[in-house]
$ cat entry_29.txt   # compact mmCIF, C-alpha atoms
# COMPACT_ATOMS: atom_id res chain seq x y z
CA MET A 1 -1.14 44.66 -6.38
CA THR A 2 -1.73 41.70 -8.63
CA ALA A 3 -3.61 38.71 -7.30
CA PRO A 4 -1.59 35.50 -6.90
CA ALA A 5 -1.98 33.11 -9.78
CA ARG A 6 -4.27 30.21 -9.08
CA ARG A 7 -2.67 26.81 -9.22
CA SER A 8 -4.19 24.57 -11.83
CA PRO A 9 -5.52 21.23 -10.53
CA GLY A 10 -3.32 18.23 -11.12
CA PRO A 11 -4.20 15.52 -13.64
CA TRP A 12 -5.46 13.13 -10.97
CA ARG A 13 -7.78 15.73 -9.44
CA THR A 14 -9.05 16.67 -12.89
CA ALA A 15 -9.73 13.00 -13.67
CA ALA A 16 -11.55 12.55 -10.35
CA THR A 17 -13.70 15.61 -11.07
CA ASP A 18 -14.57 14.33 -14.53
CA LEU A 19 -15.45 10.92 -13.10
CA VAL A 20 -17.74 12.42 -10.45
CA ARG A 21 -19.54 14.42 -13.15
CA ASN A 22 -20.15 11.24 -15.16
CA ARG A 23 -23.67 10.30 -14.04
CA PRO A 24 -23.76 6.78 -15.54
CA ALA A 25 -20.42 5.97 -13.91
CA MET A 26 -21.60 7.29 -10.54
CA ALA A 27 -24.82 5.30 -10.81
CA ALA A 28 -22.78 2.18 -11.55
CA ALA A 29 -20.50 2.97 -8.60
CA ALA A 30 -23.57 3.25 -6.35
CA VAL A 31 -24.81 -0.15 -7.52
CA LEU A 32 -21.39 -1.68 -6.85
CA LEU A 33 -21.28 -0.09 -3.40
CA VAL A 34 -24.68 -1.57 -2.51
CA VAL A 35 -23.62 -5.03 -3.72
CA VAL A 36 -20.33 -4.89 -1.79
CA LEU A 37 -21.98 -3.67 1.42
CA ALA A 38 -24.68 -6.34 1.15
CA THR A 39 -22.12 -9.12 0.78
CA LEU A 40 -20.07 -7.76 3.68
CA CYS A 41 -23.20 -8.03 5.84
CA ALA A 42 -23.54 -11.76 5.06
CA PRO A 43 -22.57 -12.92 8.59
CA LEU A 44 -25.01 -10.43 10.15
CA TYR A 45 -27.85 -11.65 7.93
CA ALA A 46 -27.13 -15.34 8.51
CA ASP A 47 -26.62 -15.09 12.28
CA HIS A 48 -29.06 -12.38 13.34
CA VAL A 49 -31.79 -12.32 10.68
CA ALA A 50 -32.11 -15.75 9.08
CA HIS A 51 -30.61 -17.61 12.09
CA THR A 52 -29.12 -20.30 9.86
CA ASP A 53 -25.81 -21.76 8.80
CA PRO A 54 -25.68 -21.47 5.00
CA PHE A 55 -22.90 -24.06 4.77
CA GLN A 56 -24.66 -26.83 6.71
CA SER A 57 -27.35 -29.11 5.31
CA HIS A 58 -30.83 -28.86 6.84
CA VAL A 59 -32.43 -31.98 5.40
CA SER A 60 -34.86 -32.43 8.28
CA GLY A 61 -35.14 -28.76 9.19
CA THR A 62 -38.36 -26.80 9.59
CA THR A 63 -39.31 -23.15 9.29
CA VAL A 64 -42.32 -20.93 9.93
CA VAL A 65 -44.48 -19.64 7.05
CA ASP A 66 -47.62 -17.63 7.80
CA GLY A 67 -47.52 -18.82 11.40
CA LYS A 68 -47.32 -22.50 10.46
CA THR A 69 -44.36 -24.82 10.91
CA VAL A 70 -43.45 -26.43 7.58
CA PRO A 71 -40.53 -28.64 6.52
CA VAL A 72 -37.71 -27.06 4.54
CA LEU A 73 -37.60 -30.10 2.24
CA THR A 74 -40.73 -32.06 1.31
CA PRO A 75 -40.80 -35.41 -0.51
CA SER A 76 -41.48 -35.05 -4.21
CA SER A 77 -45.06 -35.81 -5.25
CA THR A 78 -44.41 -36.05 -8.98
CA GLY A 79 -43.18 -38.90 -11.15
CA LEU A 80 -41.86 -41.80 -9.09
CA GLY A 81 -41.96 -39.73 -5.92
CA LEU A 82 -38.17 -39.74 -5.63
CA GLY A 83 -36.18 -36.82 -4.32
CA VAL A 84 -37.30 -33.76 -2.42
CA THR A 85 -38.70 -30.33 -3.22
CA PRO A 86 -37.14 -27.41 -1.31
CA ILE A 87 -39.29 -24.68 0.12
CA GLY A 88 -39.81 -21.82 -2.29
CA PRO A 89 -39.30 -18.09 -1.69
CA THR A 90 -41.25 -16.92 1.36
CA TRP A 91 -40.25 -13.23 0.93
CA ASP A 92 -39.71 -13.18 4.69
CA PRO A 93 -36.08 -12.23 5.47
CA ALA A 94 -36.17 -14.30 8.66
CA HIS A 95 -37.44 -17.51 7.03
CA TYR A 96 -35.87 -18.52 3.72
CA PHE A 97 -36.42 -15.27 1.83
CA LEU A 98 -35.40 -16.85 -1.52
CA GLY A 99 -36.20 -20.40 -0.51
CA ALA A 100 -33.82 -23.30 -0.01
CA ASP A 101 -31.60 -25.42 -2.24
CA ASN A 102 -31.70 -29.21 -2.49
CA GLN A 103 -29.80 -29.52 0.81
CA GLY A 104 -32.11 -27.22 2.73
CA ARG A 105 -29.65 -24.33 2.88
CA ASP A 106 -30.90 -20.75 2.86
CA VAL A 107 -30.39 -19.40 -0.67
CA MET A 108 -30.32 -15.74 0.40
CA ALA A 109 -27.63 -16.34 3.00
CA ARG A 110 -25.56 -18.38 0.55
CA LEU A 111 -26.05 -15.68 -2.07
CA LEU A 112 -24.50 -13.05 0.20
CA TYR A 113 -21.60 -15.30 1.21
CA GLY A 114 -21.12 -16.35 -2.42
CA GLY A 115 -20.97 -12.71 -3.47
CA ARG A 116 -18.11 -12.10 -1.06
CA THR A 117 -16.18 -14.93 -2.65
CA SER A 118 -16.93 -13.89 -6.24
CA LEU A 119 -16.03 -10.25 -5.59
CA PHE A 120 -12.85 -11.20 -3.74
CA ILE A 121 -11.65 -13.49 -6.53
CA GLY A 122 -12.65 -11.05 -9.27
CA PHE A 123 -11.03 -7.97 -7.73
CA THR A 124 -7.90 -9.74 -6.47
CA ALA A 125 -7.34 -11.52 -9.78
CA ALA A 126 -7.82 -8.22 -11.64
CA LEU A 127 -5.26 -6.43 -9.45
CA LEU A 128 -2.76 -9.27 -9.86
CA THR A 129 -3.34 -9.41 -13.61
CA CYS A 130 -2.84 -5.67 -14.00
CA ALA A 131 0.29 -5.69 -11.84
CA LEU A 132 1.88 -8.60 -13.72
CA GLY A 133 0.73 -7.32 -17.10
CA THR A 134 2.13 -3.86 -16.40
CA ALA A 135 5.51 -5.25 -15.32
CA VAL A 136 5.73 -7.59 -18.32
CA GLY A 137 4.61 -4.90 -20.77
CA ILE A 138 7.12 -2.36 -19.47
CA VAL A 139 10.04 -4.80 -19.57
CA ALA A 140 9.18 -6.05 -23.05
CA GLY A 141 8.51 -2.63 -24.51
CA TYR A 142 11.52 -0.85 -23.04
CA ALA A 143 14.10 -3.63 -23.34
CA GLY A 144 13.31 -4.50 -26.96
CA GLY A 145 15.49 -6.89 -28.90
CA VAL A 146 15.73 -10.51 -27.75
CA VAL A 147 13.95 -9.82 -24.45
CA ASP A 148 10.97 -8.33 -26.25
CA SER A 149 10.89 -11.18 -28.77
CA VAL A 150 10.93 -13.91 -26.10
CA ILE A 151 8.27 -12.24 -23.95
CA SER A 152 6.09 -11.49 -26.97
CA ARG A 153 6.22 -15.10 -28.17
CA VAL A 154 5.26 -16.38 -24.71
CA LEU A 155 2.34 -13.95 -24.62
CA ASP A 156 1.32 -15.07 -28.12
CA VAL A 157 1.26 -18.71 -26.99
CA ILE A 158 -0.98 -17.89 -24.02
CA TRP A 159 -3.13 -15.63 -26.22
CA ALA A 160 -3.59 -18.45 -28.78
CA PHE A 161 -5.38 -20.72 -26.29
CA PRO A 162 -9.15 -20.27 -25.85
CA VAL A 163 -9.43 -18.57 -22.48
CA TYR A 164 -11.93 -20.90 -20.83
CA LEU A 165 -10.27 -24.02 -22.21
CA LEU A 166 -6.92 -22.91 -20.78
CA ALA A 167 -8.52 -22.02 -17.44
CA ILE A 168 -10.32 -25.38 -17.23
CA CYS A 169 -7.15 -27.30 -18.08
CA LEU A 170 -5.13 -25.46 -15.44
CA SER A 171 -7.88 -25.88 -12.85
CA VAL A 172 -8.23 -29.63 -13.44
CA VAL A 173 -4.47 -30.12 -13.09
CA LEU A 174 -3.96 -27.84 -10.09
CA LEU A 175 -7.01 -29.04 -8.16
CA THR A 176 -5.27 -32.38 -7.75
CA ASN A 177 -2.02 -31.28 -6.14
CA GLY A 178 -2.36 -27.55 -5.64
CA LEU A 179 0.19 -25.00 -6.81
CA ARG A 180 3.83 -24.99 -5.76
CA LEU A 181 6.26 -22.31 -6.91
CA GLY A 182 9.41 -22.62 -4.84
CA PRO A 183 8.57 -21.58 -1.27
CA LEU A 184 5.05 -20.53 -2.35
CA THR A 185 2.40 -23.22 -1.87
CA VAL A 186 -1.32 -22.85 -2.61
CA ASP A 187 -3.60 -25.68 -1.47
CA ALA A 188 -6.10 -27.16 -3.90
CA GLY A 189 -9.09 -25.89 -1.92
CA SER A 190 -7.74 -22.37 -1.39
CA LEU A 191 -9.47 -19.36 -2.95
CA TRP A 192 -6.04 -18.18 -4.06
CA LEU A 193 -5.88 -21.01 -6.58
CA PRO A 194 -8.64 -19.65 -8.89
CA VAL A 195 -7.17 -16.18 -8.31
CA ALA A 196 -3.77 -17.35 -9.59
CA ILE A 197 -5.27 -19.22 -12.55
CA ILE A 198 -7.46 -16.33 -13.69
CA ALA A 199 -4.67 -13.80 -13.21
CA ALA A 200 -2.23 -15.89 -15.27
CA ILE A 201 -4.49 -16.45 -18.28
CA TYR A 202 -5.37 -12.76 -18.65
CA VAL A 203 -1.85 -11.31 -18.38
CA PRO A 204 -1.53 -10.97 -22.20
CA TYR A 205 -4.70 -8.84 -22.26
CA ILE A 206 -2.85 -6.22 -20.20
CA ALA A 207 0.76 -6.76 -21.25
CA ARG A 208 0.24 -6.45 -25.01
CA PRO A 209 -1.40 -2.98 -25.09
CA LEU A 210 0.99 -1.65 -22.43
CA ARG A 211 3.96 -3.00 -24.38
CA GLY A 212 2.77 -1.02 -27.40
CA GLN A 213 2.40 2.11 -25.29
CA VAL A 214 5.94 1.71 -23.91
CA LEU A 215 7.32 1.23 -27.42
CA VAL A 216 5.90 4.66 -28.29
CA LEU A 217 7.16 6.22 -25.05
CA ARG A 218 10.67 4.87 -25.63
CA ASN A 219 11.09 7.18 -28.63
CA LYS A 220 9.87 10.31 -26.85
CA GLU A 221 12.22 13.22 -26.27
CA PHE A 222 12.03 13.12 -22.47
CA ILE A 223 13.12 9.47 -22.46
CA HIS A 224 16.08 10.29 -24.75
CA ALA A 225 16.94 13.19 -22.46
CA ALA A 226 16.91 10.95 -19.40
CA VAL A 227 19.08 8.36 -21.16
CA GLY A 228 21.48 11.06 -22.36
CA SER A 229 21.84 12.45 -18.84
CA GLY A 230 23.08 9.05 -17.68
CA ALA A 231 20.07 8.15 -15.53
CA PRO A 232 19.96 4.45 -14.54
CA THR A 233 17.44 2.27 -16.37
CA LEU A 234 15.46 1.46 -13.23
CA ARG A 235 15.14 5.15 -12.44
CA ILE A 236 13.89 5.89 -15.95
CA LEU A 237 11.34 3.10 -15.71
CA ARG A 238 10.18 4.23 -12.30
CA ARG A 239 10.03 7.98 -12.87
CA GLU A 240 9.40 8.37 -16.59
CA VAL A 241 7.77 5.23 -17.99
CA LEU A 242 5.66 3.90 -15.12
CA PRO A 243 3.72 7.15 -14.43
CA ASN A 244 2.71 7.26 -18.09
CA VAL A 245 1.31 3.70 -18.18
CA VAL A 246 -0.32 3.58 -14.74
CA PRO A 247 -3.49 5.40 -15.92
CA THR A 248 -3.98 2.77 -18.62
CA ALA A 249 -3.47 -0.02 -16.08
CA ILE A 250 -6.02 1.60 -13.75
CA VAL A 251 -8.57 1.72 -16.57
CA PHE A 252 -8.21 -2.05 -16.95
CA VAL A 253 -8.95 -2.83 -13.26
CA PRO A 254 -12.79 -2.59 -13.27
CA LEU A 255 -13.02 -4.18 -16.71
CA MET A 256 -10.76 -7.06 -15.72
CA THR A 257 -12.68 -7.48 -12.45
CA ALA A 258 -15.86 -8.09 -14.45
CA LEU A 259 -14.06 -10.50 -16.76
CA ALA A 260 -12.47 -12.36 -13.83
CA MET A 261 -15.84 -12.70 -12.09
CA LEU A 262 -17.39 -14.20 -15.23
CA THR A 263 -14.47 -16.61 -15.56
CA GLU A 264 -14.68 -17.65 -11.91
CA SER A 265 -18.43 -18.23 -12.22
CA ALA A 266 -17.90 -20.41 -15.28
CA LEU A 267 -15.18 -22.46 -13.56
CA SER A 268 -17.23 -22.84 -10.38
CA PHE A 269 -20.29 -23.87 -12.39
CA LEU A 270 -18.16 -26.64 -13.90
CA SER A 271 -16.94 -27.64 -10.39
CA VAL A 272 -13.31 -26.70 -11.16
CA GLY A 273 -13.35 -23.30 -9.50
CA VAL A 274 -14.35 -22.55 -5.91
CA GLN A 275 -14.45 -25.75 -3.89
CA PRO A 276 -16.70 -26.71 -0.94
CA PRO A 277 -17.26 -25.61 1.76
CA ASP A 278 -16.77 -22.19 0.14
CA ALA A 279 -19.52 -20.89 -2.10
CA SER A 280 -19.63 -18.41 -4.98
CA TRP A 281 -22.32 -17.24 -7.34
CA GLY A 282 -21.12 -19.83 -9.84
CA THR A 283 -21.40 -22.72 -7.37
CA ILE A 284 -24.90 -21.59 -6.36
CA ILE A 285 -25.99 -21.67 -10.01
CA GLU A 286 -24.59 -25.20 -10.25
CA ASP A 287 -26.43 -26.18 -7.05
CA GLY A 288 -29.73 -24.96 -8.50
CA LEU A 289 -29.36 -26.52 -11.93
CA GLY A 290 -31.46 -29.55 -10.96
CA LEU A 291 -34.12 -27.25 -9.46
CA LEU A 292 -34.45 -25.03 -12.51
CA TYR A 293 -38.08 -26.02 -13.20
CA THR A 294 -39.32 -26.29 -9.61
CA ARG A 295 -37.30 -23.65 -7.72
CA PRO A 296 -35.80 -21.36 -10.39
CA ALA A 297 -34.90 -18.67 -7.83
CA VAL A 298 -31.90 -20.76 -6.74
CA THR A 299 -30.32 -20.29 -10.18
CA ILE A 300 -31.87 -17.04 -11.35
CA ALA A 301 -30.87 -14.95 -8.30
CA PRO A 302 -27.08 -15.45 -8.60
CA GLY A 303 -27.31 -15.15 -12.38
CA LEU A 304 -29.02 -11.76 -12.08
CA LEU A 305 -26.43 -10.58 -9.55
CA ILE A 306 -23.57 -11.63 -11.83
CA ALA A 307 -25.17 -9.76 -14.74
CA LEU A 308 -25.89 -6.66 -12.62
CA THR A 309 -22.41 -6.53 -11.07
CA THR A 310 -20.50 -7.08 -14.31
CA ALA A 311 -22.66 -4.53 -16.14
CA ALA A 312 -22.01 -1.97 -13.39
CA LEU A 313 -18.27 -2.70 -13.52
CA ASN A 314 -18.21 -2.18 -17.27
CA VAL A 315 -20.10 1.13 -17.07
CA PHE A 316 -17.86 2.32 -14.24
CA GLY A 317 -14.80 1.18 -16.20
CA ASP A 318 -15.93 3.23 -19.19
CA GLY A 319 -16.25 6.25 -16.91
CA VAL A 320 -12.75 5.72 -15.52
CA ARG A 321 -11.41 5.43 -19.08
CA ASP A 322 -13.10 8.66 -20.16
CA ALA A 323 -11.76 10.47 -17.07
CA LEU A 324 -8.16 9.28 -17.38
CA ASP A 325 -7.97 9.31 -21.19
CA PRO A 326 -10.37 11.86 -22.73
CA SER A 327 -8.87 11.18 -26.17
CA ALA A 328 -10.28 7.62 -25.97
CA ARG A 329 -13.78 9.09 -25.72
CA LEU A 330 -13.13 11.23 -28.79
CA ARG A 331 -11.81 8.23 -30.72
CA GLY A 332 -14.91 6.29 -29.74
CA GLY A 333 -17.12 8.98 -31.20
CA VAL A 334 -18.83 9.82 -27.92
$ encode --input "entry_29.txt" --output "C-alpha cells"
Amino acid sequence: MTAPARRSPGPWRTAATDLVRNRPAMAAAAVLLVVVLATLCAPLYADHVAHTDPFQSHVSGTTVVDGKTVPVLTPSSTGLGLGVTPIGPTWDPAHYFLGADNQGRDVMARLLYGGRTSLFIGFTAALLTCALGTAVGIVAGYAGGVVDSVISRVLDVIWAFPVYLLAICLSVVLLTNGLRLGPLTVDAGSLWLPVAIIAAIYVPYIARPLRGQVLVLRNKEFIHAAVGSGAPTLRILRREVLPNVVPTAIVFVPLMTALAMLTESALSFLSVGVQPPDASWGTIIEDGLGLLYTRPAVTIAPGLLIALTTAALNVFGDGVRDALDPSARLRGGV
C-alpha cells in the first residue's frame, strides 16, 4: 500500500518559513516589537511610574533627586541670566528619567506618547499609500491606452516635485482650513491630515512599479485565456491580476512605513506636521532644539529612536522581500 502523497506547502507558508529563518529580519522584528510595546505602555508609564502629565507645562514644578526636592526648571545662570534650564536626566524612571524640556514636561513620557503618534502616522500612511498605489497601478497597467496615458502623466507630475517641498506646501495650505473632499472632512489639527498628505505624495512610488508589473501580466497566457473565456474585467482583475501584485505591495509596506515616519518627523520638526497638543518624535526634536547644548537628551533621544526604528523597518522589509520574491535576492547578488 503506497503512502499518501504529502501536500506541498503553499506559497504564503513557504514565504513565512523563509522569513522566520532570516535572522536579521527576525532581529529587526524583535526591535520593532519592543518599540511598539513600549509606546503602547505610554499611559501606564506616565500615570503609574512618572506620575506626570506629559502634555501639561510644569514651570513651577518640583521633583525628588537623591532624596532632595529640586525644581524642574531653574533660572539660567549664564549670560544675561535670562531663560531657564530644565532638569537633566536623573536615570530614575519615577523622576524625569531623561530630564525635562523647556516647559518642564517629562521627556521620557513624551517620548513614549510621541512614538505612538509617529508609528500610527507612519504605518497608516504606508497602508493607505500601498492601497491607493496598487489600485492606480492595476487600473493604469491593465486598461492601457488613454487611461494609462492620463494616469501616467499625473503620476509623472507628482513624481517631478521634490517630495519634502510638495509635502510642506500641502501641509501649509491644509493646516489653514483642513481637508474637505465631498462628505469627507479632516480638521487641521487631526492626525489624519499628515496621514493623507504623506500617503498622497508617495502614491507614484508604489503605482509606477506595479503598473509595470501589470503590463507584463497582461500579456501572459492565463490572462489571455481568461479574456477568451469571456470572464468580466473585474473578475480578471480580482482573481488573476491582484493576487500576482499583492506580494509586491506587501513588500513595500515596511519600507514605506519607514519613509513615512521620516517624512512626518521632518514636517513636525518644521511645525507643519503634528500639531499641539499631540506630540511626535519630530515635535520633540523641535522642542529640544534650543536646549541642544545644555540638555541634548531632549533632541538626541527621539533622533536615536527614529534612526533605530527606520533601520529595523528597512532590515525587516528586506527580509519580507527576500521571502516573497527570492528572485530579487538573486538579482541583488546576495
$ residues_around --input "entry_29.txt" --residues "stretch 178-183 of chain A" --least-positions-apart "5" --cutoff "12 Å" --atoms "only C-alpha atoms" --output "VMD selection string"
chain A and resid 170 to 173 188 to 197
$ write_last_selection --input "entry_29.txt" --atoms "C-alpha atoms" --output "PDB file, in the coordinates of the input"
ATOM      1  CA  LEU A 170      -5.130 -25.460 -15.440  1.00  0.00           C
ATOM      2  CA  SER A 171      -7.880 -25.880 -12.850  1.00  0.00           C
ATOM      3  CA  VAL A 172      -8.230 -29.630 -13.440  1.00  0.00           C
ATOM      4  CA  VAL A 173      -4.470 -30.120 -13.090  1.00  0.00           C
ATOM      5  CA  ALA A 188      -6.100 -27.160  -3.900  1.00  0.00           C
ATOM      6  CA  GLY A 189      -9.090 -25.890  -1.920  1.00  0.00           C
ATOM      7  CA  SER A 190      -7.740 -22.370  -1.390  1.00  0.00           C
ATOM      8  CA  LEU A 191      -9.470 -19.360  -2.950  1.00  0.00           C
ATOM      9  CA  TRP A 192      -6.040 -18.180  -4.060  1.00  0.00           C
ATOM     10  CA  LEU A 193      -5.880 -21.010  -6.580  1.00  0.00           C
ATOM     11  CA  PRO A 194      -8.640 -19.650  -8.890  1.00  0.00           C
ATOM     12  CA  VAL A 195      -7.170 -16.180  -8.310  1.00  0.00           C
ATOM     13  CA  ALA A 196      -3.770 -17.350  -9.590  1.00  0.00           C
ATOM     14  CA  ILE A 197      -5.270 -19.220 -12.550  1.00  0.00           C
TER      15      ILE A 197
END
$ residues_around --input "entry_29.txt" --residues "stretch 213-216 of chain A" --least-positions-apart "5" --cutoff "9 Å" --atoms "only C-alpha atoms" --output "number ranges by chain"
A: 137-142, 144, 208, 241, 244-245
$ write_last_selection --input "entry_29.txt" --atoms "C-alpha atoms" --output "PDB file, in the frame of the given file"
ATOM      1  CA  GLY A 137       4.610  -4.900 -20.770  1.00  0.00           C
ATOM      2  CA  ILE A 138       7.120  -2.360 -19.470  1.00  0.00           C
ATOM      3  CA  VAL A 139      10.040  -4.800 -19.570  1.00  0.00           C
ATOM      4  CA  ALA A 140       9.180  -6.050 -23.050  1.00  0.00           C
ATOM      5  CA  GLY A 141       8.510  -2.630 -24.510  1.00  0.00           C
ATOM      6  CA  TYR A 142      11.520  -0.850 -23.040  1.00  0.00           C
ATOM      7  CA  GLY A 144      13.310  -4.500 -26.960  1.00  0.00           C
ATOM      8  CA  ARG A 208       0.240  -6.450 -25.010  1.00  0.00           C
ATOM      9  CA  VAL A 241       7.770   5.230 -17.990  1.00  0.00           C
ATOM     10  CA  ASN A 244       2.710   7.260 -18.090  1.00  0.00           C
ATOM     11  CA  VAL A 245       1.310   3.700 -18.180  1.00  0.00           C
TER      12      VAL A 245
END
$ closest_residue --input "entry_29.txt" --among "A:Arg239, A:Arg116, A:Arg153, A:Arg321" --to "A:Val36" --atoms "all atoms listed in the file"
A:Arg116
$ residues_near_point --input "entry_29.txt" --point "(-28.8, -28.2, 0.4)" --cutoff "12 Å" --atoms "all atoms listed in the file" --output "count of residues only"
33
$ atom_distance --input "entry_29.txt" --atom1 "atom CA of A:Ala207" --atom2 "atom CA of A:Gly145"
16.6 Å
$ axis_aligned_box --input "entry_29.txt" --around "stretch 175-191 of chain A" --padding-each-side "6 Å" --output "AutoDock Vina command-line options"
--center_x 0.0 --center_y -25.9 --center_z -4.7 --size_x 30.9 --size_y 25.0 --size_z 18.9
$ residues_around --input "entry_29.txt" --residues "A:Pro24" --least-positions-apart "5" --cutoff "12 Å" --atoms "all atoms listed in the file" --output "number ranges by chain"
A: 18-19, 29-31, 311-320, 322
$ residues_around --input "entry_29.txt" --residues "A:Trp159" --least-positions-apart "6" --cutoff "10 Å" --atoms "all atoms listed in the file" --output "PDB file with C-alpha atoms, in the coordinates of the input"
ATOM      1  CA  ARG A 153       6.220 -15.100 -28.170  1.00  0.00           C
ATOM      2  CA  LEU A 166      -6.920 -22.910 -20.780  1.00  0.00           C
ATOM      3  CA  ILE A 201      -4.490 -16.450 -18.280  1.00  0.00           C
ATOM      4  CA  TYR A 202      -5.370 -12.760 -18.650  1.00  0.00           C
ATOM      5  CA  VAL A 203      -1.850 -11.310 -18.380  1.00  0.00           C
ATOM      6  CA  PRO A 204      -1.530 -10.970 -22.200  1.00  0.00           C
ATOM      7  CA  TYR A 205      -4.700  -8.840 -22.260  1.00  0.00           C
ATOM      8  CA  ARG A 208       0.240  -6.450 -25.010  1.00  0.00           C
TER       9      ARG A 208
END
$ residues_near_point --input "entry_29.txt" --point "(0.8, 4.8, -13.9)" --cutoff "12 Å" --atoms "all atoms listed in the file" --output "list in words"
Pro11, Trp12, Cys130, Ala131, Thr134, Ala135, Ile138, Leu210, Gln213, Val214, Leu237, Arg238, Arg239, Glu240, Val241, Leu242, Pro243, Asn244, Val245, Val246, Pro247, Thr248, Ala249, Ile250, Val251, Phe252 and Leu324 of chain A
$ atom_distance --input "entry_29.txt" --atom1 "atom CA of A:Val35" --atom2 "atom CA of A:Leu289"
23.7 Å
$ atom_distance --input "entry_29.txt" --atom1 "atom CA of A:Ile236" --atom2 "atom CA of A:Ile223"
7.5 Å
$ closest_residue --input "entry_29.txt" --among "A:Ala323, A:Leu111, A:Leu165, A:Val147" --to "A:Ile285" --atoms "all atoms listed in the file"
A:Leu111
$ closest_residue --input "entry_29.txt" --among "A:Ser76, A:Thr176, A:Thr310, A:Ser229" --to "A:Val272" --atoms "all atoms listed in the file"
A:Thr176
$ closest_residue --input "entry_29.txt" --among "A:Asn219, A:Thr129, A:Thr39, A:Ser265" --to "A:Met108" --atoms "only C-alpha atoms"
A:Thr39
$ closest_residue --input "entry_29.txt" --among "A:Arg23, A:Leu32, A:Ala143, A:Ala160" --to "A:Thr233" --atoms "only C-alpha atoms"
A:Ala143
$ residues_around --input "entry_29.txt" --residues "A:Ala38" --least-positions-apart "4" --cutoff "10 Å" --atoms "all atoms listed in the file" --output "PyMOL selection string"
chain A and resi 32-34+42+44-45+111-113+115-116
$ closest_residue --input "entry_29.txt" --among "A:Val70, A:Met261, A:Ala94, A:Ala231" --to "A:Val49" --atoms "only C-alpha atoms"
A:Ala94
$ decode --input "entry_29.txt" --residues "stretch 126-131 of chain A" --atoms "all heavy atoms" --output "short mmCIF file (atom, residue, chain, number, x, y, z; two decimals), in the first residue's frame"
data_model
loop_
_atom_site.label_atom_id
_atom_site.label_comp_id
_atom_site.auth_asym_id
_atom_site.auth_seq_id
_atom_site.Cartn_x
_atom_site.Cartn_y
_atom_site.Cartn_z
N ALA A 126 1.51 54.37 5.24
CA ALA A 126 2.07 53.34 4.37
C ALA A 126 0.97 52.42 3.83
O ALA A 126 0.96 52.08 2.63
CB ALA A 126 3.12 52.52 5.13
N LEU A 127 0.05 52.01 4.69
CA LEU A 127 -1.06 51.16 4.23
C LEU A 127 -1.91 51.89 3.19
O LEU A 127 -2.29 51.31 2.16
CB LEU A 127 -1.93 50.75 5.41
CG LEU A 127 -1.36 49.69 6.36
CD1 LEU A 127 -2.38 49.39 7.46
CD2 LEU A 127 -1.01 48.42 5.61
N LEU A 128 -2.22 53.16 3.45
CA LEU A 128 -3.04 53.93 2.52
C LEU A 128 -2.30 54.13 1.20
O LEU A 128 -2.89 54.03 0.12
CB LEU A 128 -3.40 55.27 3.14
CG LEU A 128 -4.41 56.14 2.39
CD1 LEU A 128 -5.69 55.39 2.13
CD2 LEU A 128 -4.68 57.43 3.17
N THR A 129 -1.00 54.41 1.28
CA THR A 129 -0.21 54.60 0.06
C THR A 129 -0.19 53.32 -0.77
O THR A 129 -0.38 53.36 -1.99
CB THR A 129 1.23 54.99 0.42
OG1 THR A 129 1.22 56.22 1.13
CG2 THR A 129 2.07 55.16 -0.83
N CYS A 130 0.04 52.19 -0.11
CA CYS A 130 0.10 50.92 -0.84
C CYS A 130 -1.25 50.55 -1.44
O CYS A 130 -1.32 50.02 -2.55
CB CYS A 130 0.61 49.82 0.09
SG CYS A 130 2.34 49.99 0.55
N ALA A 131 -2.33 50.83 -0.71
CA ALA A 131 -3.66 50.52 -1.24
C ALA A 131 -3.97 51.39 -2.46
O ALA A 131 -4.42 50.88 -3.50
CB ALA A 131 -4.71 50.72 -0.15
#
